[in-house]
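Source file: data_37.txt; contents: compact mmCIF, C-alpha atoms and all ligand atoms.
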# COMPACT_ATOMS: atom_id res chain seq x y z
CA MET A 1 -1.65 -108.03 117.74
CA PRO A 2 -0.72 -106.10 120.89
CA GLU A 3 2.62 -104.34 120.42
CA LEU A 4 4.89 -102.80 123.03
CA PRO A 5 2.79 -99.62 123.50
CA GLU A 6 -0.38 -101.65 124.04
CA VAL A 7 1.34 -103.90 126.56
CA GLU A 8 2.71 -100.84 128.36
CA THR A 9 -0.83 -99.42 128.41
CA VAL A 10 -2.28 -102.61 129.86
CA MET A 11 0.47 -102.76 132.49
CA ARG A 12 -0.16 -99.13 133.48
CA GLY A 13 -3.87 -99.83 133.71
CA LEU A 14 -3.37 -102.88 135.91
CA ALA A 15 -0.70 -101.48 138.24
CA PRO A 16 -2.91 -99.19 140.38
CA VAL A 17 -5.51 -101.94 140.79
CA MET A 18 -3.08 -104.75 141.58
CA GLU A 19 -0.09 -103.30 143.43
CA GLY A 20 -0.24 -103.90 147.17
CA GLN A 21 -3.07 -106.43 146.80
CA VAL A 22 -3.10 -110.10 147.73
CA ILE A 23 -4.10 -112.77 145.19
CA ALA A 24 -7.12 -114.42 146.76
CA SER A 25 -8.05 -116.84 143.99
CA VAL A 26 -6.64 -118.18 140.74
CA TYR A 27 -8.49 -119.77 137.84
CA CYS A 28 -6.57 -121.55 135.07
CA GLY A 29 -8.72 -122.82 132.18
CA GLU A 30 -8.40 -126.44 131.15
CA LYS A 31 -7.31 -125.69 127.62
CA GLY A 32 -4.21 -123.70 128.52
CA LEU A 33 -2.89 -121.05 126.15
CA ARG A 34 0.13 -121.41 123.82
CA PHE A 35 1.34 -123.92 126.40
CA PRO A 36 -0.57 -125.63 129.21
CA PHE A 37 -0.58 -123.62 132.44
CA PRO A 38 2.47 -124.62 134.53
CA ASP A 39 1.97 -127.40 137.07
CA ARG A 40 0.71 -126.14 140.43
CA LEU A 41 0.81 -122.51 139.29
CA ALA A 42 -2.28 -121.62 141.30
CA GLY A 43 -0.79 -123.09 144.47
CA ARG A 44 2.38 -121.02 144.09
CA ILE A 45 0.71 -117.67 143.49
CA GLN A 46 -2.45 -117.88 145.59
CA HIS A 47 -2.11 -115.79 148.79
CA ALA A 48 0.97 -114.03 147.36
CA LYS A 49 1.21 -110.29 147.78
CA ILE A 50 1.67 -108.22 144.61
CA LYS A 51 4.70 -105.97 145.06
CA LYS A 52 4.86 -104.15 141.72
CA LEU A 53 4.16 -104.44 137.99
CA GLU A 54 6.65 -103.84 135.21
CA ARG A 55 6.95 -104.52 131.50
CA ARG A 56 9.88 -106.18 129.71
CA ALA A 57 9.56 -106.38 125.91
CA LYS A 58 5.94 -107.52 125.46
CA TYR A 59 5.74 -109.36 128.78
CA ILE A 60 3.81 -108.04 131.78
CA LEU A 61 5.77 -108.86 134.94
CA ILE A 62 3.84 -109.12 138.20
CA TYR A 63 6.36 -109.21 141.05
CA LEU A 64 5.04 -111.28 143.94
CA SER A 65 6.14 -112.00 147.48
CA GLU A 66 8.40 -115.09 147.87
CA ASN A 67 10.57 -113.68 145.03
CA ASN A 68 8.27 -115.05 142.37
CA ILE A 69 7.29 -113.25 139.17
CA LEU A 70 4.00 -114.00 137.43
CA VAL A 71 4.46 -113.36 133.69
CA ILE A 72 1.65 -112.63 131.24
CA HIS A 73 2.08 -112.33 127.47
CA LEU A 74 -0.93 -111.31 125.39
CA GLY A 75 0.13 -113.25 122.29
CA MET A 76 -1.90 -112.41 119.18
CA SER A 77 -5.32 -111.69 120.62
CA GLY A 78 -5.05 -111.47 124.41
CA ARG A 79 -7.20 -108.92 126.21
CA ILE A 80 -7.32 -108.21 129.90
CA ARG A 81 -10.36 -106.83 131.62
CA ILE A 82 -10.75 -105.64 135.18
CA LEU A 83 -14.02 -106.29 136.96
CA ALA A 84 -14.81 -104.05 139.90
CA PRO A 85 -15.71 -105.64 143.26
CA GLY A 86 -19.28 -106.92 143.15
CA SER A 87 -19.50 -106.73 139.35
CA ASN A 88 -22.02 -109.17 137.93
CA ALA A 89 -20.64 -108.97 134.40
CA PRO A 90 -21.14 -112.39 132.79
CA PRO A 91 -18.18 -114.60 131.88
CA GLU A 92 -17.14 -114.42 128.23
CA LYS A 93 -16.19 -117.06 125.73
CA HIS A 94 -12.37 -117.40 125.68
CA ASP A 95 -11.83 -116.32 129.30
CA HIS A 96 -8.87 -118.58 130.15
CA PHE A 97 -7.21 -117.13 133.24
CA GLU A 98 -8.42 -115.12 136.19
CA LEU A 99 -6.94 -113.61 139.32
CA GLY A 100 -9.27 -112.67 142.15
CA LEU A 101 -7.82 -109.98 144.41
CA ALA A 102 -8.49 -109.71 148.14
CA ASP A 103 -10.40 -106.43 147.66
CA GLY A 104 -12.81 -108.11 145.21
CA HIS A 105 -11.33 -106.91 141.90
CA ARG A 106 -11.05 -109.60 139.24
CA ILE A 107 -8.40 -109.57 136.51
CA ILE A 108 -9.44 -111.70 133.53
CA LEU A 109 -7.36 -112.76 130.54
CA ASN A 110 -9.45 -113.45 127.45
CA ASP A 111 -7.62 -114.91 124.47
CA ALA A 112 -9.58 -116.17 121.45
CA ARG A 113 -6.56 -117.51 119.55
CA ARG A 114 -4.72 -118.78 122.65
CA PHE A 115 -1.24 -117.63 121.61
CA GLY A 116 -0.80 -115.90 124.96
CA MET A 117 1.32 -117.17 127.82
CA VAL A 118 1.04 -117.27 131.61
CA PHE A 119 3.88 -118.66 133.69
CA ASP A 120 5.92 -117.85 136.77
CA VAL A 121 9.67 -117.52 137.21
CA ALA A 122 11.79 -116.99 140.31
CA GLU A 123 13.19 -113.45 140.45
CA THR A 124 16.69 -114.91 140.73
CA ASP A 125 16.20 -116.94 137.52
CA PHE A 126 14.68 -114.11 135.48
CA LEU A 127 17.81 -113.03 133.58
CA VAL A 128 18.72 -116.59 132.57
CA HIS A 129 15.18 -117.72 131.72
CA LYS A 130 14.79 -118.79 128.08
CA SER A 131 12.11 -116.17 127.42
CA PHE A 132 14.28 -113.29 128.63
CA CYS A 133 17.99 -114.14 128.33
CA HIS A 134 18.30 -113.22 124.64
CA LEU A 135 16.31 -109.99 124.70
CA GLY A 136 18.01 -106.80 123.56
CA PRO A 137 17.67 -103.49 125.38
CA GLU A 138 14.38 -101.68 125.89
CA PRO A 139 13.94 -99.13 123.07
CA LEU A 140 12.93 -96.29 125.39
CA LEU A 141 15.90 -96.63 127.73
CA ASP A 142 19.22 -94.84 127.24
CA ASP A 143 21.19 -98.02 126.55
CA PHE A 144 19.41 -98.13 123.21
CA ASN A 145 21.23 -95.35 121.37
CA ALA A 146 22.93 -94.67 118.03
CA GLY A 147 26.36 -95.79 119.25
CA TYR A 148 24.94 -99.11 120.39
CA LEU A 149 23.02 -99.58 117.15
CA ARG A 150 26.03 -98.71 114.98
CA GLU A 151 28.21 -101.23 116.78
CA LYS A 152 25.58 -103.97 116.46
CA LEU A 153 24.87 -103.30 112.77
CA LYS A 154 28.41 -102.79 111.48
CA ASN A 155 28.64 -106.35 110.14
CA LYS A 156 24.94 -106.86 109.34
CA SER A 157 24.21 -107.14 105.64
CA SER A 158 20.47 -107.80 106.11
CA ALA A 159 17.99 -105.02 105.31
CA ILE A 160 17.71 -102.38 108.06
CA LYS A 161 13.95 -103.05 108.41
CA VAL A 162 14.55 -106.76 109.04
CA ALA A 163 17.50 -106.08 111.38
CA ILE A 164 15.65 -103.63 113.63
CA MET A 165 12.82 -106.11 114.23
CA ASP A 166 15.22 -108.71 115.66
CA GLN A 167 14.41 -108.85 119.39
CA ARG A 168 18.04 -109.67 120.19
CA LEU A 169 19.05 -106.25 118.83
CA VAL A 170 16.30 -104.23 120.52
CA VAL A 171 12.90 -105.34 121.80
CA GLY A 172 9.49 -104.04 120.86
CA VAL A 173 10.09 -102.39 117.49
CA GLY A 174 7.25 -104.25 115.78
CA ASN A 175 6.31 -104.04 112.12
CA ILE A 176 4.18 -100.90 112.33
CA TYR A 177 6.76 -98.98 114.36
CA ALA A 178 9.67 -100.11 112.19
CA CYS A 179 7.87 -98.80 109.07
CA GLU A 180 6.88 -95.52 110.71
CA ALA A 181 10.31 -94.79 112.19
CA LEU A 182 12.12 -95.58 108.91
CA TYR A 183 9.77 -93.26 107.05
CA ARG A 184 10.24 -90.43 109.52
CA ALA A 185 14.01 -90.90 109.49
CA GLY A 186 14.12 -91.00 105.66
CA ILE A 187 15.80 -94.41 105.53
CA SER A 188 15.00 -96.95 102.82
CA PRO A 189 13.77 -100.18 104.45
CA ILE A 190 15.72 -102.25 101.92
CA MET A 191 19.09 -100.62 102.61
CA SER A 192 21.71 -102.96 104.02
CA ALA A 193 21.87 -102.31 107.79
CA GLN A 194 25.63 -101.77 107.79
CA LYS A 195 25.37 -99.07 105.10
CA VAL A 196 23.03 -96.72 106.99
CA SER A 197 25.02 -93.57 107.82
CA LYS A 198 25.82 -92.48 111.37
CA ALA A 199 23.59 -89.41 110.99
CA LYS A 200 20.67 -91.52 109.74
CA LEU A 201 21.08 -94.00 112.61
CA GLU A 202 20.97 -91.09 115.08
CA GLU A 203 17.71 -89.96 113.50
CA PHE A 204 16.35 -93.52 113.35
CA VAL A 205 16.88 -94.10 117.08
CA LYS A 206 15.25 -90.76 117.86
CA GLN A 207 12.23 -91.56 115.66
CA ILE A 208 11.82 -95.07 117.11
CA LYS A 209 11.60 -93.55 120.58
CA ILE A 210 9.17 -90.86 119.39
CA VAL A 211 6.75 -93.22 117.58
CA LEU A 212 6.66 -95.57 120.57
CA MET A 213 6.16 -92.73 123.06
CA GLN A 214 3.38 -91.23 120.93
CA ALA A 215 1.64 -94.62 120.82
CA ILE A 216 2.00 -95.01 124.59
CA ALA A 217 0.53 -91.53 125.03
CA ALA A 218 -2.39 -92.52 122.77
CA GLY A 219 -2.85 -95.62 124.91
CA GLY A 220 -2.86 -93.46 128.03
CA SER A 221 -5.72 -91.42 126.63
CA THR A 222 -7.75 -94.55 125.86
CA LEU A 223 -7.16 -95.66 129.44
CA ARG A 224 -8.76 -92.44 130.67
CA ASP A 225 -11.65 -92.89 128.22
CA HIS A 226 -12.20 -96.45 129.41
CA ARG A 227 -12.21 -95.82 133.13
CA LEU A 228 -15.52 -97.60 133.47
CA PRO A 229 -16.29 -100.09 136.22
CA ASP A 230 -15.84 -103.05 133.90
CA GLY A 231 -13.08 -101.61 131.79
CA ASP A 232 -11.49 -103.42 128.89
CA PHE A 233 -8.44 -101.84 127.33
CA GLY A 234 -5.32 -102.64 125.45
CA TYR A 235 -6.06 -101.79 121.83
CA PHE A 236 -6.19 -98.32 120.39
CA GLN A 237 -6.02 -96.34 117.19
CA GLN A 238 -2.93 -94.39 116.43
CA THR A 239 -1.97 -91.95 113.73
CA LEU A 240 0.06 -93.70 111.06
CA ASN A 241 1.90 -91.80 108.33
CA VAL A 242 2.96 -94.69 106.12
CA TYR A 243 1.83 -98.05 107.52
CA GLY A 244 -1.17 -99.49 105.68
CA ARG A 245 -1.22 -96.65 103.12
CA ALA A 246 -0.11 -98.53 99.95
CA GLY A 247 -1.13 -96.65 96.79
CA GLN A 248 -2.00 -93.46 98.69
CA ASP A 249 -0.09 -90.19 98.34
CA CYS A 250 3.04 -89.77 100.45
CA MET A 251 2.27 -87.39 103.32
CA THR A 252 5.57 -85.51 103.05
CA TRP A 253 4.88 -82.00 101.78
CA GLY A 254 5.99 -81.57 98.16
CA CYS A 255 6.44 -85.31 97.50
CA GLU A 256 4.35 -86.64 94.64
CA GLN A 257 5.11 -90.33 95.12
CA THR A 258 2.63 -92.88 96.32
CA ILE A 259 3.39 -95.28 99.18
CA HIS A 260 4.73 -98.65 98.06
CA ARG A 261 4.21 -102.00 99.72
CA ILE A 262 6.77 -104.80 99.61
CA VAL A 263 7.22 -107.97 101.68
CA GLN A 264 10.39 -108.45 103.77
CA ALA A 265 10.93 -111.56 105.88
CA GLY A 266 7.25 -112.39 105.46
CA ARG A 267 6.03 -109.00 106.74
CA SER A 268 4.54 -106.07 104.83
CA THR A 269 6.74 -103.01 104.52
CA PHE A 270 5.26 -99.66 103.53
CA TYR A 271 7.57 -96.88 102.34
CA CYS A 272 8.07 -93.94 100.00
CA PRO A 273 10.86 -94.62 97.45
CA HIS A 274 11.31 -90.86 96.99
CA CYS A 275 11.60 -89.79 100.64
CA GLN A 276 13.43 -92.89 101.91
CA LYS A 277 16.91 -93.38 100.48
ZN ZN B 1 7.53 -89.26 99.82
Produce structure tokens that represent the structure in this file.
Amino acid sequence: MPELPEVETVMRGLAPVMEGQVIASVYCGEKGLRFPFPDRLAGRIQHAKIKKLERRAKYILIYLSENNILVIHLGMSGRIRILAPGSNAPPEKHDHFELGLADGHRIILNDARRFGMVFDVAETDFLVHKSFCHLGPEPLLDDFNAGYLREKLKNKSSAIKVAIMDQRLVVGVGNIYACEALYRAGISPIMSAQKVSKAKLEEFVKQIKIVLMQAIAAGGSTLRDHRLPDGDFGYFQQTLNVYGRAGQDCMTWGCEQTIHRIVQAGRSTFYCPHCQK
């Protein structure tokens, strides 16, 4: 499943191709994705100029002329590929949405499981839209900090691992990154959120930012590797210290524990009971 770093990577890959271009054609597949494509979407976005691309949580925001924003979410299995002008690459099974740009580039959304989303929202309605109004701060921005986290968690008795994955608290700290950041900060995933010390919360915030930035950097290097005419990007390998390592030795020097796996709120948690208190 694409997480925040993958979505950031896709957005950064699309931006130089799309910004400043005009949408010349729009294809919406009959099946729709998680929801049917919105009524008359193609009519609203065709001929629009693309002003800029941004990311919010795991949504790619394509700012268009006429104060409209085209929103793409990759869901569980969404992949975007860019076809260069004149490319004769064949269509693929599960291609559900396509933008043709005036310079001949084609942006194609392929989504085998169809949990993705494509919709548009007026710029003026963005902050009150149901997909965005409840989202917490971006983890890489300064308004996500230890003071903020402490205030939000002071009455939270749920486990810190479960609390940090709540998108209303902070967006984009998915399961892998929650496990990795807790391990690096030495915090037990099962500790009650309100009991984590101030010093540990400081370290936790720092490690969340570091693991996400490292993953984005890894995504940036795959982008460079995939700069082929018919590039497909968005998924990449990253170095994981604890996630997926159940039964293997803890990687902390001098620790002789093995990594444990438990399930919290239906998701796997990997941690070292010795290093994480
Ligand atoms: Zn350990």
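Look at everything within 9 Å of (3.0, -107.2, 119.1) using only C-alpha atoms, and the residues you get are Met1, Pro2, Glu3, Leu4, Pro5, Glu6, Val7, Lys58, Leu74, Gly75, Met76, Gly172, Val173, Gly174 and Asn175 of chain A.
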query = Taking only C-alpha atoms into account, which of A:Lys200, A:Lys161, A:His274, A:Lys152 comes nearest Tyr177 (chain A)?
reply =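 Using only C-alpha atoms, Tyr177 (chain A) sits closest to A:Lys161.
The two atoms in question, CA of Leu169 (chain A) and CA of Ala57 (chain A), are spaced 11.8 Å apart.
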task = Check the smallest atom-to-atom distance from each of A:Ala178, A:Ala218, A:Gln194, A:Cys255 to Tyr243 (chain A) using all atoms listed in the file, then report the winner.
result = A:Ala178
message = Counting all atoms listed in the file, what are the residues, protein, DNA or RNA alike, that approach ligand ZN 1 (chain B) to within 6 Å? I want them as a VMD selection string.
response = chain A and resid 250 252 255 257 272 274 to 275
ask   = Could you work out how far CA of Asp111 (chain A) lies from CA of Lys93 (chain A), giving the answer in Å with one decimal?
value =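 Spanning CA of Lys93 (chain A) to CA of Asp111 (chain A) is a straight-line distance of 8.9 Å.
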query = Counting all atoms listed in the file, which of A:Arg150, A:Arg12, A:Arg40, A:Arg34 gets nearest to Glu54 (chain A)?
reply = A:Arg12
task = Mind checking which residues fall within 8 Å of Arg245 (chain A), counting only C-alpha atoms, ignoring those fewer than 4 positions away in the same chain, and posting them as a PyMOL selection string?
result = chain A and resi 241+259+270
request  = May I have the protein, DNA and RNA residues with an atom at most 9 Å from (-8.2, -113.1, 129.1), counting only C-alpha atoms in the file's coordinates, returned as a PyMOL selection string?
outcome  = chain A and resi 74+78-81+94-98+107-112+116
Any idea what's packed within 7 Å of Ser65 (chain A), counting all atoms listed in the file, ignoring anything in its chain fewer than 5 positions away? Could you give it as a PDB file with C-alpha atoms, keeping the file's coordinate frame?
ATOM      1  CA  ALA A  48       0.970-114.030 147.360  1.00  0.00           C
ATOM      2  CA  LYS A  49       1.210-110.290 147.780  1.00  0.00           C
ATOM      3  CA  ILE A  50       1.670-108.220 144.610  1.00  0.00           C
ATOM      4  CA  LYS A  51       4.700-105.970 145.060  1.00  0.00           C
TER       5      LYS A  51
END
